[in-house]
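S.K.: Next up, coords36.cif (mmCIF, C-alpha atoms and all ligand atoms).
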```
data_my_file
#
loop_
_atom_site.label_atom_id
_atom_site.label_comp_id
_atom_site.auth_asym_id
_atom_site.auth_seq_id
_atom_site.Cartn_x
_atom_site.Cartn_y
_atom_site.Cartn_z
CA MET A 290 66.15 185.39 8.91
CA ALA A 291 67.66 188.78 8.44
CA VAL A 292 65.61 191.90 7.89
CA SER A 293 65.74 192.65 4.19
CA VAL A 294 65.39 196.41 4.62
CA ALA A 295 66.26 198.17 7.82
CA VAL A 296 65.45 201.76 8.55
CA PRO A 297 68.78 203.27 9.54
CA LYS A 298 68.91 204.26 13.19
CA ARG A 299 69.68 207.82 14.27
CA SER A 300 71.77 208.69 11.25
CA HIS A 301 69.45 207.77 8.42
CA ASN A 302 70.44 209.42 5.21
CA SER A 303 68.44 211.90 3.19
CA ARG A 304 67.18 209.24 0.73
CA SER A 305 65.66 207.12 3.44
CA ARG A 306 64.29 210.23 5.14
CA ALA A 307 62.63 211.23 1.88
CA ARG A 308 61.20 207.76 1.50
CA LEU A 309 59.76 207.81 5.01
CA ALA A 310 58.27 211.25 4.39
CA SER A 311 56.68 210.00 1.15
CA VAL A 312 55.07 207.10 3.00
CA ALA A 313 53.67 209.46 5.65
CA ASP A 314 52.45 211.95 3.02
CA ALA A 315 50.74 209.25 0.96
CA LEU A 316 49.11 207.79 4.04
CA LEU A 317 47.84 211.15 5.29
CA ALA A 318 46.49 212.09 1.85
CA TRP A 319 44.62 208.80 1.71
CA TYR A 320 43.33 209.33 5.26
CA ASP A 321 41.95 212.75 4.35
CA SER A 322 39.62 211.21 1.80
CA HIS A 323 39.06 207.71 3.22
CA ARG A 324 39.07 208.09 7.00
CA ARG A 325 36.60 205.87 8.82
CA ASP A 326 33.74 207.65 10.51
CA LEU A 327 33.96 206.26 14.06
CA PRO A 328 31.86 207.43 17.01
CA TRP A 329 34.89 208.40 19.09
CA ARG A 330 36.81 210.06 16.29
CA ALA A 331 36.82 213.88 16.09
CA ARG A 332 35.85 215.30 12.71
CA PRO A 333 38.51 217.36 10.91
CA ASP A 334 36.95 220.60 12.23
CA GLU A 335 36.80 219.34 15.84
CA THR A 336 39.37 219.18 18.62
CA PRO A 337 39.74 215.63 19.95
CA ASP A 338 38.38 215.16 23.47
CA PRO A 339 41.00 213.31 25.58
CA TYR A 340 38.28 211.57 27.62
CA ARG A 341 36.68 210.12 24.48
CA VAL A 342 40.03 209.13 23.00
CA TRP A 343 41.08 207.42 26.24
CA LEU A 344 37.73 205.68 26.71
CA SER A 345 37.71 204.33 23.15
CA GLU A 346 41.34 203.23 23.25
CA ILE A 347 40.82 201.27 26.48
CA MET A 348 37.71 199.63 25.04
CA LEU A 349 39.45 198.81 21.77
CA GLN A 350 42.25 196.87 23.50
CA GLN A 351 41.78 193.27 22.31
CA THR A 352 38.30 194.07 20.95
CA THR A 353 36.97 194.96 17.51
CA VAL A 354 35.61 198.33 16.42
CA ALA A 355 32.22 196.73 15.73
CA ALA A 356 31.97 195.27 19.25
CA VAL A 357 33.07 198.49 20.94
CA GLY A 358 30.62 200.87 19.19
CA PRO A 359 27.49 200.19 21.31
CA TYR A 360 29.48 200.05 24.56
CA TYR A 361 31.26 203.30 23.81
CA ASN A 362 27.98 205.07 23.05
CA ALA A 363 26.31 203.68 26.18
CA PHE A 364 29.26 204.70 28.40
CA LEU A 365 29.38 208.19 26.95
CA LYS A 366 25.65 208.67 27.40
CA ARG A 367 25.78 207.50 31.01
CA TRP A 368 29.12 209.07 31.95
CA PRO A 369 29.81 211.97 29.54
CA ASP A 370 33.03 213.03 31.25
CA VAL A 371 35.77 211.59 33.42
CA LYS A 372 34.45 213.10 36.66
CA ARG A 373 31.09 211.44 36.23
CA LEU A 374 32.73 208.12 35.41
CA ALA A 375 34.85 208.47 38.54
CA GLY A 376 31.66 209.06 40.54
CA ALA A 377 30.17 205.72 39.47
CA SER A 378 30.64 202.60 41.57
CA GLN A 379 32.95 199.83 40.30
CA ASP A 380 29.94 197.54 40.11
CA GLU A 381 28.09 199.97 37.84
CA VAL A 382 31.10 200.19 35.55
CA LEU A 383 31.63 196.41 35.51
CA GLY A 384 27.91 195.95 34.82
CA ALA A 385 28.01 198.36 31.87
CA TRP A 386 31.15 196.60 30.62
CA ALA A 387 29.67 193.08 30.87
CA GLY A 388 29.98 191.29 27.54
CA LEU A 389 33.02 193.25 26.35
CA GLY A 390 35.45 190.83 28.06
CA TYR A 391 38.88 191.33 29.65
CA TYR A 392 37.28 192.82 32.73
CA SER A 393 40.50 194.05 34.27
CA ARG A 394 40.21 196.82 31.67
CA ALA A 395 36.96 198.00 33.26
CA ARG A 396 38.45 197.98 36.76
CA ASN A 397 41.50 199.89 35.53
CA LEU A 398 39.29 202.31 33.59
CA HIS A 399 37.41 203.11 36.77
CA ARG A 400 40.61 203.47 38.82
CA ALA A 401 42.20 205.72 36.20
CA ALA A 402 39.06 207.87 36.03
CA GLY A 403 39.31 208.31 39.81
CA ILE A 404 42.95 209.39 39.57
CA VAL A 405 42.32 211.87 36.74
CA ALA A 406 39.19 213.29 38.37
CA ARG A 407 40.62 213.50 41.91
CA ASP A 408 44.34 214.19 41.47
CA MET A 409 44.36 216.02 38.15
CA ASN A 410 41.12 217.94 38.39
CA GLY A 411 39.69 216.07 35.42
CA ALA A 412 42.52 216.91 32.99
CA PHE A 413 44.32 213.96 31.40
CA PRO A 414 48.14 213.99 31.31
CA ARG A 415 49.34 215.32 27.94
CA SER A 416 52.40 213.13 27.31
CA SER A 417 52.67 209.43 26.60
CA ALA A 418 55.21 209.13 29.44
CA GLU A 419 52.69 210.50 31.97
CA LEU A 420 49.70 208.70 30.46
CA LYS A 421 51.53 205.40 30.91
CA LYS A 422 51.37 205.91 34.67
CA LEU A 423 47.56 205.56 34.64
CA PRO A 424 46.15 202.09 35.38
CA GLY A 425 45.38 200.15 32.22
CA VAL A 426 47.37 202.45 29.92
CA GLY A 427 50.22 200.56 28.26
CA PRO A 428 52.75 201.87 25.73
CA TYR A 429 50.40 201.51 22.73
CA THR A 430 47.43 203.16 24.41
CA ALA A 431 49.57 205.96 25.84
CA ALA A 432 51.07 206.66 22.41
CA ALA A 433 47.67 206.60 20.72
CA ILE A 434 46.10 209.01 23.24
CA ALA A 435 49.13 211.33 23.26
CA ALA A 436 49.27 211.45 19.46
CA ILE A 437 45.53 211.78 18.80
CA ALA A 438 44.48 214.00 21.71
CA PHE A 439 47.64 216.06 22.25
CA GLY A 440 49.62 215.92 18.99
CA GLU A 441 52.68 214.18 20.47
CA ARG A 442 54.94 212.59 17.88
CA ALA A 443 54.40 209.13 19.34
CA ALA A 444 54.18 205.85 17.43
CA ALA A 445 51.09 203.82 18.40
CA ILE A 446 52.05 200.26 17.57
CA ASP A 447 49.42 197.58 17.94
CA ALA A 448 49.04 194.34 15.99
CA ASN A 449 47.59 196.17 12.97
CA ALA A 450 50.40 198.69 12.84
CA GLU A 451 52.99 195.92 13.31
CA ARG A 452 51.56 194.12 10.32
CA VAL A 453 51.70 197.21 8.12
CA ILE A 454 55.25 198.09 9.16
CA ALA A 455 56.47 194.50 8.78
CA ARG A 456 55.14 194.49 5.22
CA LEU A 457 56.25 197.98 4.27
CA PHE A 458 59.83 197.13 5.22
CA ALA A 459 59.62 193.38 4.48
CA VAL A 460 60.71 192.41 7.98
CA GLU A 461 61.18 188.65 7.98
CA GLU A 462 62.03 188.24 11.64
CA ALA A 463 59.16 186.56 13.48
CA LEU A 464 56.94 188.11 16.13
CA PRO A 465 57.12 188.56 19.07
CA LYS A 466 60.91 188.88 18.73
CA ALA A 467 60.53 191.50 16.01
CA LYS A 468 58.37 193.81 18.15
CA ALA A 469 61.12 196.20 19.24
CA LYS A 470 62.48 196.47 15.70
CA LEU A 471 59.03 197.21 14.26
CA ALA A 472 58.38 199.81 16.95
CA SER A 473 61.65 201.53 16.18
CA MET A 474 60.84 201.59 12.45
CA ALA A 475 57.40 203.00 13.16
CA GLU A 476 58.89 205.78 15.29
CA HIS A 477 60.88 206.98 12.29
CA LEU A 478 57.76 207.00 10.14
CA VAL A 479 55.66 209.29 12.37
CA PRO A 480 55.64 212.79 10.85
CA VAL A 481 56.22 215.94 12.90
CA GLU A 482 52.97 217.39 11.57
CA ARG A 483 49.69 215.60 12.27
CA PRO A 484 51.01 212.64 14.31
CA GLY A 485 47.49 211.94 15.58
CA ASP A 486 46.06 211.69 12.07
CA PHE A 487 49.02 209.52 11.11
CA ALA A 488 48.27 207.11 13.99
CA GLN A 489 44.64 206.89 12.90
CA ALA A 490 45.61 206.53 9.24
CA LEU A 491 47.81 203.58 10.14
CA MET A 492 44.92 202.05 12.09
CA ASP A 493 42.58 202.51 9.13
CA LEU A 494 45.10 201.13 6.66
CA GLY A 495 45.58 198.03 8.82
CA ALA A 496 41.84 197.55 9.19
CA GLU A 497 40.74 198.24 5.62
CA MET A 498 43.64 197.66 3.22
CA CYS A 499 46.53 195.86 4.83
CA THR A 500 44.34 193.13 6.28
CA VAL A 501 45.69 189.86 7.71
CA LYS A 502 44.43 187.87 4.73
CA ARG A 503 44.29 189.11 1.16
CA PRO A 504 45.53 192.69 1.62
CA LEU A 505 44.20 195.06 -1.05
CA CYS A 506 47.61 196.06 -2.36
CA GLY A 507 46.17 197.13 -5.70
CA LYS A 508 44.30 199.96 -3.96
CA CYS A 509 46.81 200.69 -1.22
CA PRO A 510 48.08 204.28 -0.96
CA VAL A 511 51.58 203.16 0.04
CA ALA A 512 51.92 200.25 -2.38
CA LEU A 513 54.67 202.06 -4.27
CA HIS A 514 56.80 202.06 -1.12
CA CYS A 515 55.95 198.55 0.06
CA ARG A 516 58.82 196.06 -0.04
CA ALA A 517 56.68 193.04 0.77
CA PHE A 518 54.29 193.86 -2.09
CA ALA A 519 57.23 194.35 -4.45
CA SER A 520 58.48 190.88 -3.55
CA GLY A 521 55.03 189.29 -3.50
CA ILE A 522 55.43 188.10 0.08
CA GLN A 523 52.87 190.38 1.74
CA GLU A 524 50.57 187.54 2.81
CA GLN A 525 53.44 185.74 4.51
CA LEU A 526 54.23 188.71 6.76
CA PRO A 527 54.44 189.31 9.61
CA ARG A 528 55.92 185.95 10.43
CA LYS A 529 54.94 184.56 13.80
CA ALA A 530 56.64 182.14 16.16
CA PRO A 531 54.53 179.00 16.63
CA LYS A 532 51.95 179.38 19.39
CA ARG A 533 51.86 177.16 22.41
CA ALA A 534 48.76 174.96 22.56
CA ARG A 535 46.00 176.35 24.79
CA PRO A 536 45.30 174.04 27.73
CA LEU A 537 41.80 172.82 28.52
CA LYS A 538 40.38 173.27 32.03
CA ARG A 539 37.21 171.64 33.26
CA GLY A 540 34.99 172.01 36.29
CA ALA A 541 31.44 172.32 37.58
CA ALA A 542 29.18 175.35 38.11
CA PHE A 543 26.29 175.43 40.55
CA VAL A 544 23.29 177.55 39.68
CA ALA A 545 20.77 177.90 42.51
CA PHE A 546 17.30 179.39 41.89
CA ASP A 547 14.91 180.49 44.62
CA ALA A 548 11.13 180.22 44.42
CA LYS A 549 10.91 183.48 42.46
CA GLY A 550 13.62 182.51 39.98
CA CYS A 551 16.30 184.68 41.58
CA VAL A 552 19.84 183.34 40.99
CA TYR A 553 22.52 182.96 43.66
CA LEU A 554 25.83 184.62 42.72
CA VAL A 555 29.16 185.11 44.46
CA ARG A 556 31.86 187.64 43.74
CA ARG A 557 35.23 186.59 42.33
CA PRO A 558 38.41 187.85 44.04
CA GLU A 559 39.37 191.40 43.00
CA ASN A 560 42.57 190.37 41.27
CA GLY A 561 43.06 187.83 38.53
CA LEU A 562 40.77 186.36 35.91
CA LEU A 563 37.34 188.04 35.78
CA GLY A 564 38.34 189.89 38.97
CA GLY A 565 35.50 191.46 40.95
CA MET A 566 32.81 189.98 38.69
CA LEU A 567 29.78 187.96 39.79
CA GLN A 568 29.27 184.28 39.00
CA PRO A 569 27.43 181.19 40.24
CA PRO A 570 29.62 179.18 42.67
CA LEU A 571 32.16 177.02 40.85
CA GLY A 572 34.09 173.90 41.77
CA PRO A 573 37.85 173.67 41.17
CA TRP A 574 39.18 173.54 37.60
CA THR A 575 41.25 170.54 36.58
CA GLU A 576 42.00 168.65 33.36
CA ALA A 577 38.91 166.45 33.68
CA PHE A 578 35.28 166.99 34.67
CA PRO A 579 34.59 165.92 38.25
CA GLU A 580 33.16 162.43 38.61
CA ARG A 581 29.36 162.55 38.62
CA ALA A 582 29.27 160.89 42.01
CA CYS A 583 31.58 163.58 43.44
CA ILE A 584 30.14 166.70 41.82
CA ILE A 585 27.64 167.35 44.59
CA GLU A 586 30.46 167.46 47.13
CA GLU A 587 31.59 170.69 45.45
CA ALA A 588 28.14 172.32 45.72
CA PRO A 589 27.90 175.48 47.86
CA PHE A 590 24.96 174.05 49.86
CA MET A 591 22.86 170.90 50.15
CA GLY A 592 20.00 170.60 47.69
CA ASP A 593 18.47 168.56 44.91
CA TRP A 594 21.17 169.36 42.40
CA VAL A 595 20.51 168.15 38.88
CA VAL A 596 23.40 167.75 36.47
CA LYS A 597 22.23 169.27 33.19
CA SER A 598 23.09 167.54 29.95
CA GLY A 599 25.87 169.04 27.83
CA PHE A 600 28.32 171.64 29.10
CA VAL A 601 29.32 175.27 28.60
CA ARG A 602 32.50 175.95 26.68
CA HIS A 603 34.35 179.26 26.68
CA VAL A 604 37.59 180.39 25.08
CA PHE A 605 39.88 182.55 27.20
CA THR A 606 43.10 184.01 25.83
CA HIS A 607 45.30 181.37 27.42
CA PHE A 608 43.01 178.39 27.89
CA PHE A 609 39.71 176.73 27.05
CA LEU A 610 37.17 176.24 29.82
CA GLU A 611 34.43 173.64 29.91
CA LEU A 612 31.92 173.66 32.73
CA VAL A 613 29.34 171.03 33.53
CA ILE A 614 26.26 172.74 34.95
CA CYS A 615 24.34 171.71 38.07
CA ALA A 616 21.03 173.41 38.85
CA ALA A 617 18.84 173.31 41.94
CA HIS A 618 15.62 175.03 43.00
CA PHE A 619 15.05 176.10 46.59
CA ASN A 620 11.76 177.07 48.19
CA ARG A 621 13.68 178.68 51.06
CA ARG A 622 16.93 180.44 50.24
CA PRO A 623 19.91 178.63 51.74
CA LYS A 624 22.32 180.82 53.68
CA GLY A 625 25.46 182.00 51.92
CA GLU A 626 27.66 185.04 51.57
CA GLY A 627 26.60 185.72 47.99
CA TYR A 628 23.74 187.67 46.45
CA TRP A 629 20.34 186.64 45.09
CA LEU A 630 19.61 188.53 41.88
CA ALA A 631 16.24 188.67 40.15
CA ARG A 632 16.21 188.03 36.40
CA GLU A 633 15.74 191.71 35.56
CA GLU A 634 18.75 192.57 37.76
CA LEU A 635 20.98 190.11 35.93
CA ARG A 636 21.00 192.18 32.75
CA GLY A 637 22.90 195.16 34.15
CA ALA A 638 24.94 193.22 36.71
CA ALA A 639 28.69 192.67 36.54
CA ILE A 640 28.43 189.14 35.16
CA PRO A 641 30.93 188.05 32.49
CA THR A 642 29.74 186.43 29.27
CA VAL A 643 30.89 182.93 30.25
CA MET A 644 28.83 183.08 33.46
CA ARG A 645 25.79 184.35 31.57
CA LYS A 646 26.13 181.25 29.40
CA VAL A 647 26.26 179.14 32.56
CA ILE A 648 23.07 180.69 33.98
CA ALA A 649 21.26 180.34 30.63
CA HIS A 650 22.31 176.68 30.40
CA ALA A 651 21.06 176.01 33.93
CA ALA A 652 17.70 177.64 33.17
CA LYS A 653 17.07 175.37 30.17
CA GLU A 654 14.33 172.78 30.71
FE1 LIG A 701 49.89 196.29 3.03
FE2 LIG A 701 49.76 195.69 0.46
FE3 LIG A 701 49.74 198.22 1.25
FE4 LIG A 701 51.94 196.76 1.45
S1 LIG A 701 50.91 197.34 -0.43
S2 LIG A 701 51.12 198.11 3.00
S3 LIG A 701 51.10 194.76 1.96
S4 LIG A 701 48.16 196.68 1.66
#
```
For this file, write the structure as structure tokens.

M.R.:
Amino acid sequence: MAVSVAVPKRSHNSRSRARLASVADALLAWYDSHRRDLPWRARPDETPDPYRVWLSEIMLQQTTVAAVGPYYNAFLKRWPDVKRLAGASQDEVLGAWAGLGYYSRARNLHRAAGIVARDMNGAFPRSSAELKKLPGVGPYTAAAIAAIAFGERAAAIDANAERVIARLFAVEEALPKAKAKLASMAEHLVPVERPGDFAQALMDLGAEMCTVKRPLCGKCPVALHCRAFASGIQEQLPRKAPKRARPLKRGAAFVAFDAKGCVYLVRRPENGLLGGMLQPPLGPWTEAFPERACIIEEAPFMGDWVVKSGFVRHVFTHFFLELVICAAHFNRRPKGEGYWLAREELRGAAIPTVMRKVIAHAAKE
């Protein structure tokens, strides 16, 4: 369907300019009195620290504010600046990240810290164009850091901002096709003054008012300007193209314990899913669980493997994974290229959540 209201491109007239300015003014006024108090957010009397802004924005990619809080605080305590983060090993960073998911973010965070510390003497690039060259910094993150930390007039458009813009301008075109249009509209909205506060105001509005379900239009600071609200279609926007069904993959995991309860783990390849993380050895993933009679053939070494009842299920972005768990106890450690980790070492190790579930399942009586 056609867009019911389009922000004119370069040559928008004075009426539309005034409208856009009113939206920005109303949003900033609301932000001044309702801004969320977040651990990484500078207070009005403080200058934003680019390291903190970058760290929080990387952590917040595909993760909620509530989940990020403890990780952000722990990272900052352990590595208070980019040079100290660059001085950590990748394993230390992956270990501290464990549980936050999407582990390529942690590897990119560590690589980017190395680049900033080594090649830029610890000073982050100041423009979104330069920030985008750092590993793990995409267009949204670059715009958010540039706007918040350096005052660049950049539009930080994530899913929350897309929702707000789609409703404000009653954009009926479905996502993801509408992305470029929404980004262009958002660019026109960003004010010359206080672009960083505007970016954060948009984030707060999306999180607290213009929520996916039941937006609080009655209390919204930009309700007067909102086309979707005026038409009563706010809950139907943004429209989304139907999602493809997530496939299901199945396989077996092999958890070996030594006489002291240490667990045998191997490292995943650096690139790809859960890259560089530790896990118990796994069999191949297919559409069906391996036949019981064949499971043991996939084991990393001979032993009295016991197939535990039930299975571990995990949801990845693009597929579901179900793993049947085999456990074995060894009085003498079999030889392998992996690592034996004691229980107390598991906590801080670079083990993703799904593999922690696997180990816990194997340890059940
Ligand atoms: Fe969102 Fe409602 Fe505000 Fe429009 S009026 S921006 S739909 S909360």

S.K.: Can you pull out the residues contacting region 393-396 of chain A? Cut-off 8 Å, using all atoms listed in the file, and skip same-chain residues under 4 positions away; I want them as a list in words.

M.R.: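 The contact residues come out as Ile347, Met348, Gln379, Val382, Leu383, Trp386, Arg400, Gly425, Gly561, Leu562, Leu563 and Gly564 of chain A.
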
S.K.: Which residue is closest to ligand LIG 701 (chain A)? Choose from A:Gly550, A:Gly485, A:Pro414, A:Pro510 and count only C-alpha atoms and all ligand atoms.

M.R.: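 Distance minimum relative to ligand LIG 701 (chain A) lands on A:Pro510.
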
S.K.: Can you check which parts of region 473-508 of chain A lie within 12 Å of region 526-532 of chain A? Per residue, the shortest pair of atoms and distance in Å to one decimal, counting all atoms listed in the file, sorted by chain and number, as a tab-separated table.

M.R.:
```
residue	atom	partner	partner_atom	distance
A:Cys499	CA	A:Leu526	CA	10.7
A:Thr500	CA	A:Leu526	CA	10.8
A:Val501	CA	A:Leu526	CA	8.7
A:Lys502	CA	A:Leu526	CA	10.0
A:Arg503	CA	A:Leu526	CA	11.4
A:Pro504	CA	A:Leu526	CA	10.9
```

S.K.: How would you write, as a PyMOL selection string, the set of residues no farther than 12 Å from ligand LIG 701 (chain A) when counting all atoms listed in the file?

M.R.: chain A and resi 312-313+315-316+319+449-460+490-527

S.K.: What is the CA of Glu419 (chain A) to CA of Val371 (chain A) distance in Å?

M.R.: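 Taking CA of Glu419 (chain A) and CA of Val371 (chain A), their separation equals 17.0 Å.
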
S.K.: Select from region 394-493 of chain A every residue with an atom at most 8 Å from any atom of region 323-340 of chain A, then for each give the shortest pair of atoms and their distance in Å to one decimal, using all atoms listed in the file, rows by chain and rising number, as a tab-separated table.

M.R.:
```
residue	atom	partner	partner_atom	distance
A:Phe413	CA	A:Pro339	CA	6.7
A:Ile434	CA	A:Pro339	CA	7.1
A:Ile437	CA	A:Pro337	CA	7.0
A:Ala438	CA	A:Pro339	CA	5.3
A:Phe439	CA	A:Pro339	CA	7.9
A:Ala490	CA	A:Arg324	CA	7.1
A:Asp493	CA	A:Arg325	CA	6.9
```

S.K.: Store the residues picked out above, limited to C-alpha atoms, as an mmCIF file, keeping the file's coordinate frame.

M.R.:
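Printed below is selection-v7.cif as written:
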```
data_model
loop_
_atom_site.group_PDB
_atom_site.id
_atom_site.type_symbol
_atom_site.label_atom_id
_atom_site.label_comp_id
_atom_site.auth_asym_id
_atom_site.auth_seq_id
_atom_site.Cartn_x
_atom_site.Cartn_y
_atom_site.Cartn_z
ATOM 1 C CA PHE A 413 44.320 213.960 31.400
ATOM 2 C CA ILE A 434 46.100 209.010 23.240
ATOM 3 C CA ILE A 437 45.530 211.780 18.800
ATOM 4 C CA ALA A 438 44.480 214.000 21.710
ATOM 5 C CA PHE A 439 47.640 216.060 22.250
ATOM 6 C CA ALA A 490 45.610 206.530 9.240
ATOM 7 C CA ASP A 493 42.580 202.510 9.130
#
```

S.K.: Using all atoms listed in the file, determine which residues lie at most 12 Å from Val596 (chain A), disregarding the query and same-chain residues fewer than 5 positions distant; provide the list as a CSV table (one decimal) with C-alpha atoms, in the coordinates of the input.

M.R.:
```csv
chain,number,residue,atom,x,y,z
A,541,ALA,CA,31.4,172.3,37.6
A,542,ALA,CA,29.2,175.4,38.1
A,543,PHE,CA,26.3,175.4,40.6
A,544,VAL,CA,23.3,177.6,39.7
A,579,PRO,CA,34.6,165.9,38.2
A,580,GLU,CA,33.2,162.4,38.6
A,581,ARG,CA,29.4,162.6,38.6
A,582,ALA,CA,29.3,160.9,42.0
A,583,CYS,CA,31.6,163.6,43.4
A,584,ILE,CA,30.1,166.7,41.8
A,585,ILE,CA,27.6,167.4,44.6
A,588,ALA,CA,28.1,172.3,45.7
A,612,LEU,CA,31.9,173.7,32.7
A,613,VAL,CA,29.3,171.0,33.5
A,614,ILE,CA,26.3,172.7,35.0
A,615,CYS,CA,24.3,171.7,38.1
A,616,ALA,CA,21.0,173.4,38.8
A,617,ALA,CA,18.8,173.3,41.9
A,650,HIS,CA,22.3,176.7,30.4
A,651,ALA,CA,21.1,176.0,33.9
A,652,ALA,CA,17.7,177.6,33.2
A,653,LYS,CA,17.1,175.4,30.2
A,654,GLU,CA,14.3,172.8,30.7
```

S.K.: Closest to Ala445 (chain A) among A:Glu346, A:Glu461, A:Glu381, A:Asp370, using all atoms listed in the file?

M.R.: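 Closest residue, counting all atoms listed in the file: A:Glu346.
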
S.K.: From the set A:Trp343, A:Phe364, A:Val647, A:Gln351, which residue has the shortest atom-to-atom contact distance to Ser417 (chain A), counting all atoms listed in the file?

M.R.: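 For Ser417 (chain A), the nearest of the candidates is A:Trp343.
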
S.K.: Skipping near chain neighbours, those fewer than 5 positions away, what residues fall within 9 Å of Gly625 (chain A) using all atoms listed in the file, listed as an MDAnalysis selection string?

M.R.: chainID A and resid 553 555 589:590

S.K.: Report as a tab-separated table: every residue of region 524-557 of chain A with an atom at most 10 Å from region 602-608 of chain A, its closest pair of atoms, and their distance in Å to one decimal, counting all atoms listed in the file, with rows sorted by chain and ascending residue number.

M.R.:
```
residue	atom	partner	partner_atom	distance
A:Arg533	CA	A:His607	CA	9.3
A:Ala534	CA	A:Phe608	CA	8.6
A:Arg535	CA	A:Phe608	CA	4.8
A:Pro536	CA	A:Phe608	CA	4.9
A:Leu537	CA	A:Phe608	CA	5.7
A:Lys538	CA	A:Phe608	CA	7.1
A:Arg539	CA	A:Arg602	CA	9.2
```

S.K.: Using only C-alpha atoms, determine which residues lie at most 8 Å from region 388-391 of chain A, disregarding the query and same-chain residues fewer than 5 positions distant; provide the list as a JSON list (two decimals) with C-alpha atoms, keeping the file's coordinate frame.

M.R.:
```json
[["chain", "number", "residue", "atom", "x", "y", "z"],
["A", 352, "THR", "CA", 38.30, 194.07, 20.95],
["A", 356, "ALA", "CA", 31.97, 195.27, 19.25],
["A", 357, "VAL", "CA", 33.07, 198.49, 20.94],
["A", 360, "TYR", "CA", 29.48, 200.05, 24.56],
["A", 563, "LEU", "CA", 37.34, 188.04, 35.78],
["A", 641, "PRO", "CA", 30.93, 188.05, 32.49],
["A", 642, "THR", "CA", 29.74, 186.43, 29.27]]
```

S.K.: Compile the contact shell of Ala435 (chain A) as an MDAnalysis selection string: residues with an atom at most 7 Å away, counting all atoms listed in the file, same-chain residues fewer than 5 positions apart removed.

M.R.: chainID A and resid 415:417 440:441 443

S.K.: To one decimal place in Å, what is the distance between CA of Pro480 (chain A) and CA of Ser345 (chain A)?

M.R.: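 Computing the Euclidean distance for CA of Pro480 (chain A) and CA of Ser345 (chain A) yields 23.3 Å.
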
S.K.: Using Å and a single decimal, report how far CA of Ala377 (chain A) sits from CA of Leu571 (chain A).

M.R.: 28.8 Å

S.K.: Of the candidates A:Met409, A:Leu344, A:Gly376, A:Met474, which one gets nearest to Val426 (chain A) if we count all atoms listed in the file?

M.R.: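 Using all atoms listed in the file, the shortest distance to Val426 (chain A) belongs to A:Leu344.
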
S.K.: Which of these residues is nearest to Tyr392 (chain A), using all atoms listed in the file: A:Glu626, A:Asp380, A:Gly599, A:Asp486?

M.R.: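 Distance minimum relative to Tyr392 (chain A) lands on A:Asp380.
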
S.K.: Rank A:Ser378, A:Gly411, A:Glu587, A:Ala385 by their smallest atom-to-atom distance to Pro359 (chain A), using all atoms listed in the file, and report the top residue only.

M.R.: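 Ranking A:Ser378, A:Gly411, A:Glu587, A:Ala385 by distance to Pro359 (chain A), first place goes to A:Ala385.
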
S.K.: Since the input has fewer atoms than a full residue there, write region 381-392 of chain A out with N, CA and C atoms, as a PDB file, keeping the file's coordinate frame.

M.R.:
```pdb
ATOM      1  N   GLU A 381      28.827 199.375  38.971  1.00  0.00           N
ATOM      2  CA  GLU A 381      28.090 199.970  37.840  1.00  0.00           C
ATOM      3  C   GLU A 381      28.923 199.907  36.571  1.00  0.00           C
ATOM      4  N   VAL A 382      30.224 200.202  36.722  1.00  0.00           N
ATOM      5  CA  VAL A 382      31.100 200.190  35.550  1.00  0.00           C
ATOM      6  C   VAL A 382      31.271 198.760  35.024  1.00  0.00           C
ATOM      7  N   LEU A 383      31.489 197.817  35.942  1.00  0.00           N
ATOM      8  CA  LEU A 383      31.630 196.410  35.510  1.00  0.00           C
ATOM      9  C   LEU A 383      30.336 195.923  34.859  1.00  0.00           C
ATOM     10  N   GLY A 384      29.198 196.360  35.394  1.00  0.00           N
ATOM     11  CA  GLY A 384      27.910 195.950  34.820  1.00  0.00           C
ATOM     12  C   GLY A 384      27.753 196.490  33.407  1.00  0.00           C
ATOM     13  N   ALA A 385      28.136 197.750  33.209  1.00  0.00           N
ATOM     14  CA  ALA A 385      28.010 198.360  31.870  1.00  0.00           C
ATOM     15  C   ALA A 385      29.017 197.724  30.905  1.00  0.00           C
ATOM     16  N   TRP A 386      30.091 197.192  31.442  1.00  0.00           N
ATOM     17  CA  TRP A 386      31.150 196.600  30.620  1.00  0.00           C
ATOM     18  C   TRP A 386      30.822 195.147  30.259  1.00  0.00           C
ATOM     19  N   ALA A 387      29.927 194.520  31.019  1.00  0.00           N
ATOM     20  CA  ALA A 387      29.670 193.080  30.870  1.00  0.00           C
ATOM     21  C   ALA A 387      29.394 192.723  29.417  1.00  0.00           C
ATOM     22  N   GLY A 388      30.115 191.726  28.926  1.00  0.00           N
ATOM     23  CA  GLY A 388      29.980 191.290  27.540  1.00  0.00           C
ATOM     24  C   GLY A 388      31.164 191.725  26.686  1.00  0.00           C
ATOM     25  N   LEU A 389      31.894 192.738  27.145  1.00  0.00           N
ATOM     26  CA  LEU A 389      33.020 193.250  26.350  1.00  0.00           C
ATOM     27  C   LEU A 389      34.315 192.453  26.650  1.00  0.00           C
ATOM     28  N   GLY A 390      34.309 191.692  27.751  1.00  0.00           N
ATOM     29  CA  GLY A 390      35.450 190.830  28.060  1.00  0.00           C
ATOM     30  C   GLY A 390      36.653 191.562  28.641  1.00  0.00           C
ATOM     31  N   TYR A 391      37.653 190.782  29.051  1.00  0.00           N
ATOM     32  CA  TYR A 391      38.880 191.330  29.650  1.00  0.00           C
ATOM     33  C   TYR A 391      38.525 192.386  30.700  1.00  0.00           C
ATOM     34  N   TYR A 392      37.907 191.908  31.775  1.00  0.00           N
ATOM     35  CA  TYR A 392      37.280 192.820  32.730  1.00  0.00           C
ATOM     36  C   TYR A 392      38.267 193.632  33.553  1.00  0.00           C
TER      37      TYR A 392
END
```
